[in-house]
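Visitor: Supplied structure: target_32.cif, mmCIF, C-alpha atoms (C1' of nucleotides).
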```
data_target
#
loop_
_atom_site.group_PDB
_atom_site.id
_atom_site.type_symbol
_atom_site.label_atom_id
_atom_site.label_comp_id
_atom_site.auth_asym_id
_atom_site.auth_seq_id
_atom_site.Cartn_x
_atom_site.Cartn_y
_atom_site.Cartn_z
ATOM 1 C CA MET G 1 -98.770 -82.023 47.523
ATOM 2 C CA VAL G 2 -98.801 -79.344 44.894
ATOM 3 C CA GLN G 3 -95.979 -77.017 45.828
ATOM 4 C CA ASP G 4 -92.492 -77.904 47.012
ATOM 5 C CA THR G 5 -91.650 -75.482 49.785
ATOM 6 C CA VAL G 6 -93.710 -72.956 51.641
ATOM 7 C CA THR G 7 -91.853 -70.427 53.705
ATOM 8 C CA LEU G 8 -93.070 -67.682 55.967
ATOM 9 C CA ARG G 9 -91.068 -64.494 56.265
ATOM 10 C CA LEU G 10 -91.773 -62.479 59.336
ATOM 11 C CA ARG G 11 -90.704 -58.912 60.032
ATOM 12 C CA LEU G 12 -91.160 -57.132 63.299
ATOM 13 C CA LEU G 13 -91.780 -53.407 63.313
ATOM 14 C CA PHE G 14 -91.878 -51.283 66.400
ATOM 15 C CA GLY G 15 -93.362 -47.887 65.766
ATOM 16 C CA ASP G 16 -92.508 -47.548 62.102
ATOM 17 C CA ARG G 17 -88.894 -48.649 62.191
ATOM 18 C CA LEU G 18 -88.015 -52.140 61.239
ATOM 19 C CA VAL G 19 -86.236 -53.831 64.057
ATOM 20 C CA PHE G 20 -85.970 -57.449 63.196
ATOM 21 C CA GLY G 21 -86.525 -59.681 60.206
ATOM 22 C CA PRO G 22 -85.136 -62.742 58.480
ATOM 23 C CA GLY G 23 -81.890 -61.049 57.480
ATOM 24 C CA LYS G 24 -80.920 -59.938 60.942
ATOM 25 C CA GLY G 25 -82.101 -63.246 62.321
ATOM 26 C CA GLU G 26 -79.797 -65.237 60.084
ATOM 27 C CA LEU G 27 -76.961 -62.820 60.632
ATOM 28 C CA LEU G 28 -77.222 -63.179 64.385
ATOM 29 C CA SER G 29 -77.359 -66.910 64.016
ATOM 30 C CA ARG G 30 -74.245 -67.027 61.862
ATOM 31 C CA ILE G 31 -72.331 -64.716 64.126
ATOM 32 C CA ALA G 32 -73.114 -67.085 66.957
ATOM 33 C CA GLU G 33 -71.753 -70.071 65.089
ATOM 34 C CA THR G 34 -68.745 -68.475 63.402
ATOM 35 C CA GLY G 35 -67.696 -65.999 66.075
ATOM 36 C CA SER G 36 -67.096 -63.354 63.437
ATOM 37 C CA ILE G 37 -69.090 -60.658 61.678
ATOM 38 C CA ALA G 38 -66.924 -60.993 58.606
ATOM 39 C CA ALA G 39 -67.351 -64.766 58.397
ATOM 40 C CA ALA G 40 -71.076 -64.463 59.009
ATOM 41 C CA GLY G 41 -71.348 -61.945 56.207
ATOM 42 C CA ARG G 42 -69.325 -64.093 53.838
ATOM 43 C CA ALA G 43 -71.473 -67.097 54.669
ATOM 44 C CA MET G 44 -74.564 -65.283 53.525
ATOM 45 C CA GLY G 45 -72.987 -63.580 50.539
ATOM 46 C CA MET G 46 -73.170 -60.206 52.172
ATOM 47 C CA SER G 47 -70.478 -57.557 52.213
ATOM 48 C CA TYR G 48 -68.777 -57.002 55.535
ATOM 49 C CA ARG G 49 -69.813 -53.366 55.277
ATOM 50 C CA ARG G 50 -73.451 -54.274 55.240
ATOM 51 C CA ALA G 51 -73.207 -57.001 57.871
ATOM 52 C CA TRP G 52 -71.537 -54.555 60.189
ATOM 53 C CA ALA G 53 -74.178 -51.903 59.485
ATOM 54 C CA LEU G 54 -76.917 -54.321 60.463
ATOM 55 C CA VAL G 55 -75.114 -55.182 63.670
ATOM 56 C CA GLU G 56 -74.708 -51.498 64.443
ATOM 57 C CA GLU G 57 -78.388 -50.931 63.811
ATOM 58 C CA MET G 58 -79.410 -53.740 66.122
ATOM 59 C CA ASN G 59 -77.046 -52.691 68.849
ATOM 60 C CA ALA G 60 -78.488 -49.194 68.700
ATOM 61 C CA ALA G 61 -82.109 -50.307 68.645
ATOM 62 C CA PHE G 62 -81.921 -52.489 71.700
ATOM 63 C CA ARG G 63 -81.362 -51.550 75.278
ATOM 64 C CA ALA G 64 -78.110 -53.492 75.341
ATOM 65 C CA PRO G 65 -75.954 -54.488 72.351
ATOM 66 C CA LEU G 66 -76.887 -57.857 70.878
ATOM 67 C CA VAL G 67 -73.416 -58.390 69.460
ATOM 68 C CA LEU G 68 -70.186 -57.920 71.353
ATOM 69 C CA SER G 69 -67.065 -57.483 69.306
ATOM 70 C CA VAL G 70 -63.358 -57.215 69.961
ATOM 71 C CA ARG G 71 -60.699 -56.130 67.552
ATOM 72 C CA GLY G 72 -57.108 -57.097 67.324
ATOM 73 C CA GLY G 73 -55.757 -60.129 69.065
ATOM 74 C CA ALA G 74 -55.825 -63.767 68.125
ATOM 75 C CA GLY G 75 -57.227 -64.138 64.649
ATOM 76 C CA GLY G 76 -57.644 -60.416 64.343
ATOM 77 C CA GLY G 77 -60.570 -60.198 66.658
ATOM 78 C CA GLY G 78 -64.085 -61.549 66.647
ATOM 79 C CA ALA G 79 -67.671 -61.178 67.679
ATOM 80 C CA ALA G 80 -70.176 -63.052 69.774
ATOM 81 C CA LEU G 81 -73.732 -62.706 70.924
ATOM 82 C CA SER G 82 -74.427 -61.018 74.203
ATOM 83 C CA PRO G 83 -76.939 -62.662 76.543
ATOM 84 C CA GLU G 84 -79.523 -60.243 75.162
ATOM 85 C CA GLY G 85 -78.528 -61.261 71.665
ATOM 86 C CA ARG G 86 -79.098 -64.888 72.510
ATOM 87 C CA ASP G 87 -82.434 -63.976 74.049
ATOM 88 C CA VAL G 88 -83.627 -62.100 71.006
ATOM 89 C CA LEU G 89 -82.491 -64.817 68.642
ATOM 90 C CA ALA G 90 -84.144 -67.495 70.723
ATOM 91 C CA ALA G 91 -87.361 -65.498 70.923
ATOM 92 C CA TYR G 92 -87.352 -64.923 67.177
ATOM 93 C CA ARG G 93 -86.804 -68.583 66.451
ATOM 94 C CA ALA G 94 -89.547 -69.565 68.854
ATOM 95 C CA LEU G 95 -91.770 -67.018 67.175
ATOM 96 C CA LEU G 96 -91.203 -68.579 63.781
ATOM 97 C CA ALA G 97 -91.864 -72.058 65.077
ATOM 98 C CA THR G 98 -95.022 -71.002 66.859
ATOM 99 C CA ILE G 99 -96.297 -69.178 63.850
ATOM 100 C CA GLU G 100 -95.534 -71.905 61.386
ATOM 101 C CA ALA G 101 -97.495 -74.337 63.484
ATOM 102 C CA ALA G 102 -100.411 -71.998 64.012
ATOM 103 C CA ALA G 103 -100.481 -70.937 60.394
ATOM 104 C CA ALA G 104 -100.445 -74.361 58.798
ATOM 105 C CA PRO G 105 -104.157 -74.706 58.046
ATOM 106 C CA GLU G 106 -104.578 -71.290 56.444
ATOM 107 C CA VAL G 107 -101.361 -71.704 54.501
ATOM 108 C CA ALA G 108 -102.679 -74.962 53.140
ATOM 109 C CA ARG G 109 -105.900 -73.245 52.118
ATOM 110 C CA ILE G 110 -103.981 -70.692 50.104
ATOM 111 C CA ALA G 111 -101.561 -73.223 48.672
ATOM 112 C CA ASP G 112 -104.448 -75.250 47.316
ATOM 113 C CA LEU G 113 -105.468 -72.321 45.159
ATOM 114 C CA LEU G 114 -102.030 -71.843 43.658
ATOM 115 C CA SER G 115 -101.393 -72.944 40.150
ATOM 116 C CA ASP G 116 -99.400 -76.128 39.999
ATOM 117 C CA MET G 117 -95.773 -75.220 40.519
ATOM 118 C CA SER G 118 -94.318 -78.530 39.409
ATOM 119 C CA GLU G 119 -94.488 -77.180 35.882
ATOM 120 C CA ARG G 120 -92.518 -74.032 36.564
ATOM 121 C CA LYS G 121 -88.788 -73.580 36.431
ATOM 122 C CA MET E 1 -95.761 -50.395 77.960
ATOM 123 C CA VAL E 2 -92.506 -49.274 76.479
ATOM 124 C CA GLN E 3 -93.220 -48.987 72.766
ATOM 125 C CA ASP E 4 -96.263 -47.559 71.041
ATOM 126 C CA THR E 5 -97.171 -49.927 68.244
ATOM 127 C CA VAL E 6 -95.926 -53.356 67.356
ATOM 128 C CA THR E 7 -96.798 -54.666 63.932
ATOM 129 C CA LEU E 8 -96.071 -57.973 62.300
ATOM 130 C CA ARG E 9 -95.542 -58.136 58.579
ATOM 131 C CA LEU E 10 -95.988 -61.539 57.076
ATOM 132 C CA ARG E 11 -94.998 -62.619 53.603
ATOM 133 C CA LEU E 12 -95.794 -65.944 52.063
ATOM 134 C CA LEU E 13 -93.326 -67.540 49.657
ATOM 135 C CA PHE E 14 -93.968 -70.635 47.665
ATOM 136 C CA GLY E 15 -90.832 -72.071 46.223
ATOM 137 C CA ASP E 16 -88.771 -68.926 46.020
ATOM 138 C CA ARG E 17 -91.295 -66.613 44.462
ATOM 139 C CA LEU E 18 -93.195 -64.237 46.646
ATOM 140 C CA VAL E 19 -96.865 -64.823 46.320
ATOM 141 C CA PHE E 20 -98.587 -62.848 48.984
ATOM 142 C CA GLY E 21 -97.763 -60.155 51.480
ATOM 143 C CA PRO E 22 -99.208 -57.091 53.171
ATOM 144 C CA GLY E 23 -99.284 -55.016 49.977
ATOM 145 C CA LYS E 24 -101.268 -57.493 47.946
ATOM 146 C CA GLY E 25 -103.494 -58.173 50.925
ATOM 147 C CA GLU E 26 -104.489 -54.547 51.291
ATOM 148 C CA LEU E 27 -104.835 -54.133 47.563
ATOM 149 C CA LEU E 28 -107.227 -57.050 47.324
ATOM 150 C CA SER E 29 -109.162 -55.669 50.227
ATOM 151 C CA ARG E 30 -109.497 -52.234 48.654
ATOM 152 C CA ILE E 31 -110.471 -53.613 45.288
ATOM 153 C CA ALA E 32 -113.254 -55.496 47.032
ATOM 154 C CA GLU E 33 -114.568 -52.353 48.669
ATOM 155 C CA THR E 34 -114.084 -49.877 45.811
ATOM 156 C CA GLY E 35 -114.779 -52.105 42.825
ATOM 157 C CA SER E 36 -111.846 -50.590 40.958
ATOM 158 C CA ILE E 37 -108.141 -51.211 40.637
ATOM 159 C CA ALA E 38 -107.528 -47.527 40.021
ATOM 160 C CA ALA E 39 -109.477 -46.429 43.087
ATOM 161 C CA ALA E 40 -107.807 -49.073 45.222
ATOM 162 C CA GLY E 41 -104.416 -47.841 44.084
ATOM 163 C CA ARG E 42 -105.287 -44.224 44.772
ATOM 164 C CA ALA E 43 -106.546 -45.135 48.217
ATOM 165 C CA MET E 44 -103.179 -46.571 49.123
ATOM 166 C CA GLY E 45 -101.092 -43.908 47.395
ATOM 167 C CA MET E 46 -99.949 -46.335 44.748
ATOM 168 C CA SER E 47 -99.732 -45.684 41.033
ATOM 169 C CA TYR E 48 -102.268 -47.463 38.890
ATOM 170 C CA ARG E 49 -99.360 -48.971 37.003
ATOM 171 C CA ARG E 50 -98.103 -50.720 40.057
ATOM 172 C CA ALA E 51 -101.500 -51.739 41.370
ATOM 173 C CA TRP E 52 -102.280 -53.325 38.062
ATOM 174 C CA ALA E 53 -98.930 -55.107 37.967
ATOM 175 C CA LEU E 54 -99.617 -56.660 41.355
ATOM 176 C CA VAL E 55 -103.025 -57.826 40.202
ATOM 177 C CA GLU E 56 -101.492 -59.328 37.098
ATOM 178 C CA GLU E 57 -98.897 -61.103 39.186
ATOM 179 C CA MET E 58 -101.498 -62.577 41.510
ATOM 180 C CA ASN E 59 -103.745 -63.655 38.690
ATOM 181 C CA ALA E 60 -100.828 -65.430 37.074
ATOM 182 C CA ALA E 61 -99.645 -67.099 40.263
ATOM 183 C CA PHE E 62 -102.953 -68.644 41.201
ATOM 184 C CA ARG E 63 -104.886 -71.368 39.510
ATOM 185 C CA ALA E 64 -107.722 -68.957 38.806
ATOM 186 C CA PRO E 65 -107.546 -65.151 38.678
ATOM 187 C CA LEU E 66 -108.189 -63.487 42.012
ATOM 188 C CA VAL E 67 -109.386 -60.295 40.400
ATOM 189 C CA LEU E 68 -111.889 -60.087 37.578
ATOM 190 C CA SER E 69 -111.907 -56.901 35.577
ATOM 191 C CA VAL E 70 -113.993 -55.410 32.810
ATOM 192 C CA ARG E 71 -113.117 -52.429 30.731
ATOM 193 C CA GLY E 72 -115.364 -49.912 29.098
ATOM 194 C CA GLY E 73 -118.996 -49.576 30.026
ATOM 195 C CA ALA E 74 -120.635 -47.768 32.877
ATOM 196 C CA GLY E 75 -118.066 -45.768 34.791
ATOM 197 C CA GLY E 76 -115.346 -46.879 32.433
ATOM 198 C CA GLY E 77 -115.134 -50.378 33.760
ATOM 199 C CA GLY E 78 -114.246 -51.912 37.061
ATOM 200 C CA ALA E 79 -112.860 -54.835 38.985
ATOM 201 C CA ALA E 80 -114.033 -57.246 41.619
ATOM 202 C CA LEU E 81 -112.735 -60.235 43.506
ATOM 203 C CA SER E 82 -113.412 -63.661 42.145
ATOM 204 C CA PRO E 83 -114.559 -66.347 44.582
ATOM 205 C CA GLU E 84 -110.939 -67.502 44.753
ATOM 206 C CA GLY E 85 -109.902 -63.936 45.466
ATOM 207 C CA ARG E 86 -112.304 -63.748 48.360
ATOM 208 C CA ASP E 87 -111.029 -67.086 49.614
ATOM 209 C CA VAL E 88 -107.410 -66.017 49.544
ATOM 210 C CA LEU E 89 -108.148 -62.710 51.215
ATOM 211 C CA ALA E 90 -110.186 -64.400 53.922
ATOM 212 C CA ALA E 91 -107.452 -66.955 54.532
ATOM 213 C CA TYR E 92 -104.787 -64.262 54.714
ATOM 214 C CA ARG E 93 -106.804 -62.231 57.199
ATOM 215 C CA ALA E 94 -107.427 -65.294 59.311
ATOM 216 C CA LEU E 95 -103.714 -66.024 59.126
ATOM 217 C CA LEU E 96 -102.836 -62.603 60.466
ATOM 218 C CA ALA E 97 -105.316 -62.864 63.295
ATOM 219 C CA THR E 98 -104.137 -66.324 64.279
ATOM 220 C CA ILE E 99 -100.533 -65.309 64.173
ATOM 221 C CA GLU E 100 -100.907 -62.125 66.114
ATOM 222 C CA ALA E 101 -102.554 -64.030 68.905
ATOM 223 C CA ALA E 102 -100.015 -66.829 68.905
ATOM 224 C CA ALA E 103 -97.078 -64.469 68.682
ATOM 225 C CA ALA E 104 -97.952 -62.171 71.543
ATOM 226 C CA PRO E 105 -95.724 -63.678 74.239
ATOM 227 C CA GLU E 106 -92.557 -63.838 72.143
ATOM 228 C CA VAL E 107 -93.161 -60.373 70.781
ATOM 229 C CA ALA E 108 -93.405 -59.097 74.323
ATOM 230 C CA ARG E 109 -90.134 -60.806 75.156
ATOM 231 C CA ILE E 110 -88.387 -58.989 72.352
ATOM 232 C CA ALA E 111 -90.107 -55.694 73.017
ATOM 233 C CA ASP E 112 -88.879 -55.762 76.603
ATOM 234 C CA LEU E 113 -85.308 -55.722 75.356
ATOM 235 C CA LEU E 114 -85.810 -52.726 73.115
ATOM 236 C CA SER E 115 -84.476 -49.411 74.182
ATOM 237 C CA ASP E 116 -87.214 -47.098 75.324
ATOM 238 C CA MET E 117 -88.813 -45.621 72.241
ATOM 239 C CA SER E 118 -90.705 -42.857 73.982
ATOM 240 C CA GLU E 119 -87.535 -40.821 73.749
ATOM 241 C CA ARG E 120 -87.107 -41.169 70.012
ATOM 242 C CA LYS E 121 -88.466 -38.930 67.304
ATOM 243 C "C1'" DC H 1 -41.376 -56.078 65.609
ATOM 244 C "C1'" DG H 2 -43.804 -57.043 61.667
ATOM 245 C "C1'" DG H 3 -47.526 -59.691 59.729
ATOM 246 C "C1'" DC H 4 -52.095 -61.060 59.930
ATOM 247 C "C1'" DA H 5 -57.085 -61.100 60.254
ATOM 248 C "C1'" DA H 6 -60.666 -58.935 61.986
ATOM 249 C "C1'" DT H 7 -63.241 -54.657 63.457
ATOM 250 C "C1'" DA H 8 -64.496 -49.963 62.182
ATOM 251 C "C1'" DT H 9 -65.737 -46.298 58.964
ATOM 252 C "C1'" DG H 10 -65.492 -43.132 54.997
ATOM 253 C "C1'" DT H 11 -66.253 -42.495 49.882
ATOM 254 C "C1'" DT H 12 -67.621 -43.628 45.411
ATOM 255 C "C1'" DC H 13 -70.012 -46.365 41.948
ATOM 256 C "C1'" DT H 14 -73.893 -48.748 40.065
ATOM 257 C "C1'" DG H 15 -78.018 -51.621 39.025
ATOM 258 C "C1'" DC H 16 -82.450 -51.689 39.458
ATOM 259 C "C1'" DC H 17 -86.981 -50.802 40.698
ATOM 260 C "C1'" DA H 18 -90.732 -47.376 41.742
ATOM 261 C "C1'" DG H 19 -92.914 -43.786 40.072
ATOM 262 C "C1'" DA H 20 -93.934 -40.435 36.285
ATOM 263 C "C1'" DC H 21 -95.559 -39.849 31.861
ATOM 264 C "C1'" DA H 22 -97.766 -41.366 27.517
ATOM 265 C "C1'" DT H 23 -101.132 -43.786 24.771
ATOM 266 C "C1'" DA H 24 -104.421 -47.151 23.179
ATOM 267 C "C1'" DA H 25 -108.659 -49.748 23.586
ATOM 268 C "C1'" DC H 26 -113.033 -50.294 25.402
ATOM 269 C "C1'" DG H 27 -118.030 -49.763 26.015
ATOM 270 C "C1'" DA H 28 -122.243 -47.820 28.403
ATOM 271 C "C1'" DG H 29 -124.912 -43.664 28.265
ATOM 272 C "C1'" DG H 30 -126.201 -39.102 27.166
ATOM 273 C "C1'" DC I 1 -121.069 -40.464 17.873
ATOM 274 C "C1'" DC I 2 -118.658 -38.311 21.399
ATOM 275 C "C1'" DT I 3 -117.365 -38.027 26.137
ATOM 276 C "C1'" DC I 4 -115.688 -40.159 30.196
ATOM 277 C "C1'" DG I 5 -113.341 -43.153 33.462
ATOM 278 C "C1'" DT I 6 -111.306 -47.309 33.602
ATOM 279 C "C1'" DT I 7 -108.414 -51.194 32.138
ATOM 280 C "C1'" DA I 8 -104.150 -52.293 29.810
ATOM 281 C "C1'" DT I 9 -99.323 -51.611 28.421
ATOM 282 C "C1'" DG I 10 -95.052 -49.356 26.785
ATOM 283 C "C1'" DT I 11 -91.079 -46.218 27.790
ATOM 284 C "C1'" DC I 12 -88.128 -43.078 30.475
ATOM 285 C "C1'" DT I 13 -85.935 -41.446 34.516
ATOM 286 C "C1'" DG I 14 -84.221 -40.416 39.383
ATOM 287 C "C1'" DG I 15 -83.216 -42.007 43.729
ATOM 288 C "C1'" DC I 16 -81.247 -44.974 46.628
ATOM 289 C "C1'" DA I 17 -79.855 -49.378 48.745
ATOM 290 C "C1'" DG I 18 -76.218 -52.194 48.425
ATOM 291 C "C1'" DA I 19 -71.764 -53.314 46.422
ATOM 292 C "C1'" DA I 20 -67.160 -52.046 45.606
ATOM 293 C "C1'" DC I 21 -63.161 -49.862 46.915
ATOM 294 C "C1'" DA I 22 -60.144 -47.587 50.238
ATOM 295 C "C1'" DT I 23 -57.886 -47.058 54.826
ATOM 296 C "C1'" DA I 24 -57.200 -46.823 59.585
ATOM 297 C "C1'" DT I 25 -56.806 -49.400 63.928
ATOM 298 C "C1'" DT I 26 -56.192 -53.011 67.093
ATOM 299 C "C1'" DG I 27 -53.633 -56.696 69.545
ATOM 300 C "C1'" DC I 28 -51.869 -61.647 69.716
ATOM 301 C "C1'" DC I 29 -48.283 -64.568 67.938
ATOM 302 C "C1'" DG I 30 -44.337 -66.258 65.678
#
```
What is this file in structure tokens?
Guide:
Amino acid sequence: MVQDTVTLRLRLLFGDRLVFGPGKGELLSRIAETGSIAAAGRAMGMSYRRAWALVEEMNAAFRAPLVLSVRGGAGGGGAALSPEGRDVLAAYRALLATIEAAAAPEVARIADLLSDMSERK
Amino acid sequence: MVQDTVTLRLRLLFGDRLVFGPGKGELLSRIAETGSIAAAGRAMGMSYRRAWALVEEMNAAFRAPLVLSVRGGAGGGGAALSPEGRDVLAAYRALLATIEAAAAPEVARIADLLSDMSERK
DNA sequence: CGGCAATATGTTCTGCCAGACATAACGAGG
DNA sequence: CCTCGTTATGTCTGGCAGAACATATTGCCG
């Protein structure tokens, strides 16, 4: 095997506006596991400001908000995925899996033509 | 159908360096059809500077240069795809086709959850 | 009731990358 | 031998996305 890791980054555009990509995917995922926009942002080295902006953008783009948030209360508040949020995340993950499987042969073809990466830092 | 156009943008990363994406794909394609880096750049509203930089990057990343260029001579010079260049382009196009087919159901799932875009400018 | 941690949102600062501009070298052909 | 269009490469600059900073608000819990 010539190269260490091959990753596919997939972005979905509807019309000409970007709706979903790796960043929002991971953000959604981290919100689900941490129950907090702030914690999710911290986990990916992203300012809360930006994390929140992405959430806002998603909530506006979809028919129903993907992230539900409450403020005040125990622990200051929190956030969680709505059913739609879980749906979108699941669909996106499935998409990646499907694509990675389907793409394997062509990816290998391209990888074979790459210069050897073992001698790169 | 709720939304007009759905497009998938796919980027390939090997290790952590980006190697190939939509921009380089189209550039390669246009170089093949125009026989010139400058013309290819113009065709996609890209400065020659940038087009050339992308070519340089690709040529460096792959085992053999994807684009062969000559300067001076009839018409000032020109560029063409090397066999490896044609291979990579063909593989990338095949990749896109494969993926678009495989992705259709999940994309539809996500699209269904989008807010209606017919009432957006 | 006051502290805490998170959501929510405005304002300002900044690093960096894309594009603009400049210039050299090149080589066939008139 | 001069023109022309292209490759090749350096430098400068403006815009803007994202970070940094600032503040208000909310509601449980000790």
Visitor: Using only C-alpha atoms (C1' of nucleotides), tabulate the residues of chain E lying at most 12 Å from any atom of chain I, each with its closest atom pair and that distance in Å to one decimal, by chain and increasing residue number, as a tab-separated table.
Guide:
```
residue	atom	partner	partner_atom	distance
E:Gly35	CA	I:DT6	C1'	11.0
E:Ser36	CA	I:DT6	C1'	8.1
E:Ile37	CA	I:DT7	C1'	8.5
E:Ala38	CA	I:DT6	C1'	7.5
E:Ala39	CA	I:DT6	C1'	9.7
E:Tyr48	CA	I:DT7	C1'	9.9
E:Arg49	CA	I:DT9	C1'	9.0
E:Arg50	CA	I:DT9	C1'	11.7
E:Ala51	CA	I:DT7	C1'	11.5
E:Trp52	CA	I:DA8	C1'	8.5
E:Ala53	CA	I:DA8	C1'	10.1
E:Val55	CA	I:DT7	C1'	11.7
E:Glu56	CA	I:DA8	C1'	10.5
E:Leu68	CA	I:DT7	C1'	11.0
E:Ser69	CA	I:DT7	C1'	7.5
E:Val70	CA	I:DT7	C1'	7.0
E:Arg71	CA	I:DT7	C1'	5.1
E:Gly72	CA	I:DT6	C1'	6.6
E:Gly73	CA	I:DT6	C1'	8.8
E:Ala74	CA	I:DG5	C1'	8.7
E:Gly75	CA	I:DG5	C1'	5.6
E:Gly76	CA	I:DT6	C1'	4.2
E:Gly77	CA	I:DT6	C1'	4.9
E:Gly78	CA	I:DT6	C1'	6.5
E:Ala79	CA	I:DT7	C1'	8.9
```
Visitor: Provide the atom CA of Leu13 of chain E to atom CA of Leu8 of chain G distance in Å, to one decimal place.
Guide: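 Atom CA of Leu8 of chain G lies at a distance of 6.3 Å from atom CA of Leu13 of chain E.
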Visitor: Show which residues sit within 9 Å of Ile110 of chain G, as a list of chain:residue names. Count all atoms listed in the file, and ignore same-chain residues fewer than 2 positions away.
Guide: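 Final neighbour list, sorted by chain and number: G:Pro105, G:Glu106, G:Val107, G:Ala108, G:Asp112, G:Leu113, G:Leu114, E:Asp87, E:Val88, E:Ala91, E:Tyr92.
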Visitor: List every residue of chain H that has an atom at most 7 Å from any atom of chain G, and for each one report the closest atom pair and its distance in Å to one decimal, counting all atoms listed in the file, with rows sorted by chain and then by increasing residue number, as CSV.
Guide:
```
residue,atom,partner,partner_atom,distance
H:DA5,C1',G:Gly76,CA,4.2
H:DA6,C1',G:Gly76,CA,4.1
H:DT7,C1',G:Arg71,CA,5.0
```
Visitor: Rank nothing, just name the residue among E:Leu12, E:Gly25, E:Arg93, E:Phe20 nearest to chain G, using only C-alpha atoms.
Guide: E:Leu12
Visitor: Which residue, G:Gly23, G:Phe62, G:Ala40, G:Ser82, has the smallest gap to chain E when you use all atoms listed in the file?
Guide: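 When distances to chain E are compared using all atoms listed in the file, the smallest one comes from G:Phe62.
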Visitor: Identify which of the residues E:Leu18, E:Leu66, E:Met58, E:Ile99 lies closest to chain G, counting all atoms listed in the file when measuring atom-to-atom distances.
Guide: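 Of the candidates, the smallest distance to chain G is held by E:Ile99.
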Visitor: Given 3 Å of margin on each side, can you work out the centre and size in Å (one decimal) of an axis-aligned box holding every listed atom of segment 2-16 of chain I, as JSON?
Guide:
```
{"center_x": -100.0, "center_y": -45.2, "center_z": 34.0, "size_x": 43.4, "size_y": 20.3, "size_z": 31.2}
```
Visitor: Please, what distance in Å, to one decimal, runs between atom CA of Ser115 of chain E and atom CA of Gly85 of chain G?
Guide: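 Separating atom CA of Ser115 of chain E from atom CA of Gly85 of chain G is a distance of 13.5 Å.
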Visitor: Can you work out the spacing between atom CA of Thr5 of chain E and atom CA of Leu28 of chain E in Å, to one decimal?
Guide: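 Taking atom CA of Thr5 of chain E and atom CA of Leu28 of chain E, their separation equals 24.3 Å.
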